[in-house]
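The structure appears right after this line, and notes come after that.
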Amino acid sequence: MLQRHVDPDTLLLRMPSLRAVKAFVAAAKYASFTRAAEALCVSQAAISRQVRELETYLDAPLFERVGRTVELTAAGAVFFDASQISFVNIAQAAERIRNSPTAKHMLTMACSPAFSALWLSTHIQEFRRKHADIALNLITTHNFQSKEPGVEPDIVISKFANVGKGYTVYPLCHDIIYPVCTPEYLGRHPAIADLHGLRDSALLDLSPFGRSGVAEHVDWSVWLAFQNVDIEGRDSAGPALFQANDYNLIINMVLAHQGVALGWNQLVGHMVESGQLVKPVREQVTLRNSLHYLACRENTEHSEACGRVRDWVMSKFGWWNV
């Protein structure tokens with residue numbers, strides 16, 4: 001059987017000895033070769049040898065002796081910052097793996113930052129309680145069709161029907177869009193209960209880049225046009241229209257009584273139901289030709305767990321009978 005040739009990995013080949021780095025981090029942490037040796041249960045000579053090896057590799061002194069202690073040089077301080085963070089990450093990852101039950105299903109879910117912050121955060125505690133054997137690794141992104149290197153999500157929630165090969169796609173919901181503000185803001189600005197008064201109010205708008213993960217074709221000008229109201233007729237003496245590409249920021253500004261935003265029902269509906277937000281007008285827009293989807297990766301060792309995540313999410317949207 002032919003062996004596949006593997007090119008040299010230049011990144012790994014350029015890495016210094018991890019044993020030497022470990023000795024260096026301990027010496028820097030305790031400012032003493034002796035205490036570092038005690039902490040690592042080795043001899044002081046071993047620590048000195050490993051640090052010398054690292055200094056030779058880096059071609060730079062890492063410590064200066066100050067009496068019985070050692071202090072980091074400028075180069076040593078730079079290398080210590082990077083090394084300590086890396087070791088902490090490695091130690092924490094190892095601890096999570098050691099403490100995870102062997103039957104734990106590790107699934108990666110990808111969704112937009114807005115869906116994560118406004119929908120998933122309000123429901124995830126229930127999911128974790130009901131499915132304690134599934135650990136979700138959440139990735140937020142605006143770019144679902146060009147995935148992060150080395151990341152292949154098991155579950156993708158987006159407005160794209162095609163997120164790549166190997167996924168089965170399920171419809172979640174249509175876009176239902178309506179204005180939202182706080183009860184306090186409505187009380188202070190009763191004119192926004194009329195479409196023309198709404199047009200002239202402090203409108204908070206999601207810019208095109210921000211809409212890429214929510215509903216890219218609808219902003220205030222489009223929504224008002226559905227109601228036969230021209231945004232160009234806004235009162236020039238009124239508040240300026242505010243734009244941002246971060247829907248979480250927009251909603252937080254609304255919650256802080258700073259204006260009116262367009263609310264996507266799947267993201268803000270629970271706030272309307274709880275009374276945090278209100279609809280100043282009854283009009284809404286439903287995009288029948290637009291859907292949000294859940295994509296489930298096929299043929300994985302965790303397909304049963306993926307199915308449970310799929311069923312749980314879809315049950316929240318009323319499409320799936322679980």
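Following the order of the structure tokens, first chain is A, next is B, and so on, with residues numbered from 1 inside each chain and ligands from 1 in the order they appear.
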Practice prompt. Could you please write out, as a ChimeraX atom specification, every residue of region 58-279 of chain A that DSSP assigns to strand (DSSP E)?
Written response: /A:63-66,69-72,105-111,134-140,155-158,167-180,203-206,242-244,260-264
Write a file of the just-selected residues containing C-alpha atoms, as a PDB file, in the first residue's frame.
```
ATOM      1  CA  PHE A  63      16.386  36.565  32.362  1.00  0.00           C
ATOM      2  CA  GLU A  64      18.617  38.872  34.339  1.00  0.00           C
ATOM      3  CA  ARG A  65      19.859  37.755  37.740  1.00  0.00           C
ATOM      4  CA  VAL A  66      18.931  40.099  40.623  1.00  0.00           C
ATOM      5  CA  THR A  69      15.926  36.031  42.075  1.00  0.00           C
ATOM      6  CA  VAL A  70      15.653  36.452  38.330  1.00  0.00           C
ATOM      7  CA  GLU A  71      13.814  39.097  36.333  1.00  0.00           C
ATOM      8  CA  LEU A  72      12.539  38.923  32.771  1.00  0.00           C
ATOM      9  CA  HIS A 105     -21.719  14.470  22.544  1.00  0.00           C
ATOM     10  CA  MET A 106     -19.685  17.480  21.430  1.00  0.00           C
ATOM     11  CA  LEU A 107     -21.585  19.385  18.729  1.00  0.00           C
ATOM     12  CA  THR A 108     -20.665  22.603  16.959  1.00  0.00           C
ATOM     13  CA  MET A 109     -23.475  25.028  16.132  1.00  0.00           C
ATOM     14  CA  ALA A 110     -23.074  28.076  13.877  1.00  0.00           C
ATOM     15  CA  CYS A 111     -25.496  31.008  13.879  1.00  0.00           C
ATOM     16  CA  ILE A 134     -24.883  17.214  24.652  1.00  0.00           C
ATOM     17  CA  ALA A 135     -22.216  19.920  24.828  1.00  0.00           C
ATOM     18  CA  LEU A 136     -22.750  22.724  22.321  1.00  0.00           C
ATOM     19  CA  ASN A 137     -19.752  24.616  20.979  1.00  0.00           C
ATOM     20  CA  LEU A 138     -21.240  27.836  19.577  1.00  0.00           C
ATOM     21  CA  ILE A 139     -19.683  29.775  16.700  1.00  0.00           C
ATOM     22  CA  THR A 140     -21.194  33.102  15.634  1.00  0.00           C
ATOM     23  CA  ILE A 155     -25.856  22.472  13.060  1.00  0.00           C
ATOM     24  CA  VAL A 156     -26.181  25.728  11.091  1.00  0.00           C
ATOM     25  CA  ILE A 157     -28.995  28.225  11.671  1.00  0.00           C
ATOM     26  CA  SER A 158     -29.087  30.902   8.985  1.00  0.00           C
ATOM     27  CA  TYR A 167     -26.363  18.942   5.145  1.00  0.00           C
ATOM     28  CA  THR A 168     -30.099  18.316   5.330  1.00  0.00           C
ATOM     29  CA  VAL A 169     -31.988  21.609   5.478  1.00  0.00           C
ATOM     30  CA  TYR A 170     -35.222  22.316   7.378  1.00  0.00           C
ATOM     31  CA  PRO A 171     -37.326  25.523   7.229  1.00  0.00           C
ATOM     32  CA  LEU A 172     -37.639  27.436  10.485  1.00  0.00           C
ATOM     33  CA  CYS A 173     -39.616  30.617   9.897  1.00  0.00           C
ATOM     34  CA  HIS A 174     -40.524  33.433   7.542  1.00  0.00           C
ATOM     35  CA  ASP A 175     -39.311  36.959   8.201  1.00  0.00           C
ATOM     36  CA  ILE A 176     -42.018  38.863  10.076  1.00  0.00           C
ATOM     37  CA  ILE A 177     -40.863  42.430  10.622  1.00  0.00           C
ATOM     38  CA  TYR A 178     -42.492  45.186  12.678  1.00  0.00           C
ATOM     39  CA  PRO A 179     -41.395  48.325  14.544  1.00  0.00           C
ATOM     40  CA  VAL A 180     -40.538  47.981  18.243  1.00  0.00           C
ATOM     41  CA  LEU A 203     -35.335  55.550  13.782  1.00  0.00           C
ATOM     42  CA  LEU A 204     -32.558  53.044  14.486  1.00  0.00           C
ATOM     43  CA  ASP A 205     -31.587  51.220  11.306  1.00  0.00           C
ATOM     44  CA  LEU A 206     -29.540  48.121  10.554  1.00  0.00           C
ATOM     45  CA  PHE A 242     -29.088  56.196  13.140  1.00  0.00           C
ATOM     46  CA  GLN A 243     -27.346  53.254  11.411  1.00  0.00           C
ATOM     47  CA  ALA A 244     -25.183  50.438  12.777  1.00  0.00           C
ATOM     48  CA  VAL A 260     -37.590  52.743  17.358  1.00  0.00           C
ATOM     49  CA  ALA A 261     -36.077  49.805  15.470  1.00  0.00           C
ATOM     50  CA  LEU A 262     -37.376  47.165  13.119  1.00  0.00           C
ATOM     51  CA  GLY A 263     -37.917  43.952  15.006  1.00  0.00           C
ATOM     52  CA  TRP A 264     -37.521  40.531  13.420  1.00  0.00           C
TER      53      TRP A 264
END
```
Discussion item. Show me, as a list in words, the residues that have an atom within 8 Å of Val21 (chain A) when counting only C-alpha atoms, minus same-chain residues fewer than 5 positions from it.
Written reply: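 Answer for this query is Pro16, Gln50, Val51, Leu54 and Ser83 of chain A.
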Worksheet entry | Selection near Lys29 (chain A), 10 Å with only C-alpha atoms, sequence-local residues under 4 positions removed, as a list in words | Ala23, Phe24, Val25, Phe33, Arg35, Ala36, Glu71, Leu72, Phe80 and Gln84 of chain A
Keeping only C-alpha atoms, take the residues you just selected and write them out as a compact mmCIF listing (two decimals), in the first residue's frame.
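Heads up, here's the output in selection-v1.txt:
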```
# COMPACT_ATOMS: atom_id res chain seq x y z
CA ALA A 23 10.69 25.41 32.52
CA PHE A 24 10.89 29.03 31.35
CA VAL A 25 7.27 29.77 32.31
CA PHE A 33 15.07 28.82 39.19
CA ARG A 35 11.33 27.61 43.19
CA ALA A 36 10.56 26.66 39.59
CA GLU A 71 13.81 39.10 36.33
CA LEU A 72 12.54 38.92 32.77
CA PHE A 80 6.24 34.92 28.79
CA GLN A 84 1.55 31.63 29.64
```
Discussion item. If DSSP is run on the backbone, what residues of region 184-321 of chain A are alpha helix (DSSP H)? A reply as an MDAnalysis selection string would be ideal.
Written reply: chainID A and resid 184:188 195:199 208:211 220:226 247:255 265:274 303:316
Keeping only C-alpha atoms, write the selected residues to a file as an mmCIF file, in the first residue's frame.
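Writing the result to out-v8.cif gives the following:
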```
data_model
loop_
_atom_site.group_PDB
_atom_site.id
_atom_site.type_symbol
_atom_site.label_atom_id
_atom_site.label_comp_id
_atom_site.auth_asym_id
_atom_site.auth_seq_id
_atom_site.Cartn_x
_atom_site.Cartn_y
_atom_site.Cartn_z
ATOM 1 C CA GLU A 184 -41.716 54.258 28.073
ATOM 2 C CA TYR A 185 -40.574 55.575 24.698
ATOM 3 C CA LEU A 186 -44.070 55.167 23.254
ATOM 4 C CA GLY A 187 -45.511 57.014 26.264
ATOM 5 C CA ARG A 188 -43.113 59.936 25.691
ATOM 6 C CA LEU A 195 -47.099 55.718 10.419
ATOM 7 C CA HIS A 196 -46.118 59.276 9.483
ATOM 8 C CA GLY A 197 -45.277 60.135 13.076
ATOM 9 C CA LEU A 198 -43.233 56.937 13.195
ATOM 10 C CA ARG A 199 -41.347 57.940 10.038
ATOM 11 C CA PRO A 208 -26.486 46.392 4.865
ATOM 12 C CA PHE A 209 -23.585 44.459 6.419
ATOM 13 C CA GLY A 210 -25.550 43.886 9.604
ATOM 14 C CA ARG A 211 -28.575 42.724 7.631
ATOM 15 C CA TRP A 220 -36.637 51.385 7.284
ATOM 16 C CA SER A 221 -36.998 52.789 3.750
ATOM 17 C CA VAL A 222 -38.154 49.397 2.435
ATOM 18 C CA TRP A 223 -40.444 48.683 5.398
ATOM 19 C CA LEU A 224 -42.122 52.084 5.153
ATOM 20 C CA ALA A 225 -42.488 51.668 1.380
ATOM 21 C CA PHE A 226 -44.545 48.530 2.060
ATOM 22 C CA TYR A 247 -28.310 44.322 15.609
ATOM 23 C CA ASN A 248 -27.510 43.627 19.263
ATOM 24 C CA LEU A 249 -26.442 47.265 19.620
ATOM 25 C CA ILE A 250 -29.630 48.436 17.913
ATOM 26 C CA ILE A 251 -31.843 46.413 20.268
ATOM 27 C CA ASN A 252 -29.887 47.555 23.330
ATOM 28 C CA MET A 253 -30.427 51.157 22.223
ATOM 29 C CA VAL A 254 -34.146 50.453 21.896
ATOM 30 C CA LEU A 255 -34.201 48.930 25.385
ATOM 31 C CA ASN A 265 -40.118 38.393 15.143
ATOM 32 C CA GLN A 266 -37.872 35.371 15.689
ATOM 33 C CA LEU A 267 -35.404 37.614 17.541
ATOM 34 C CA VAL A 268 -37.580 40.036 19.522
ATOM 35 C CA GLY A 269 -40.933 38.267 19.765
ATOM 36 C CA HIS A 270 -40.223 37.051 23.297
ATOM 37 C CA MET A 271 -39.508 40.642 24.387
ATOM 38 C CA VAL A 272 -42.850 41.777 22.976
ATOM 39 C CA GLU A 273 -44.625 38.906 24.751
ATOM 40 C CA SER A 274 -42.943 39.813 28.057
ATOM 41 C CA SER A 303 -26.244 12.131 14.146
ATOM 42 C CA GLU A 304 -28.658 11.108 16.926
ATOM 43 C CA ALA A 305 -27.560 14.066 19.059
ATOM 44 C CA CYS A 306 -27.818 16.379 16.027
ATOM 45 C CA GLY A 307 -31.365 15.156 15.569
ATOM 46 C CA ARG A 308 -32.243 16.081 19.126
ATOM 47 C CA VAL A 309 -30.837 19.596 18.697
ATOM 48 C CA ARG A 310 -32.767 19.928 15.431
ATOM 49 C CA ASP A 311 -36.029 18.744 16.996
ATOM 50 C CA TRP A 312 -35.630 21.033 19.998
ATOM 51 C CA VAL A 313 -34.938 24.159 17.915
ATOM 52 C CA MET A 314 -37.741 23.410 15.470
ATOM 53 C CA SER A 315 -40.210 22.772 18.289
ATOM 54 C CA LYS A 316 -39.597 26.352 19.434
#
```
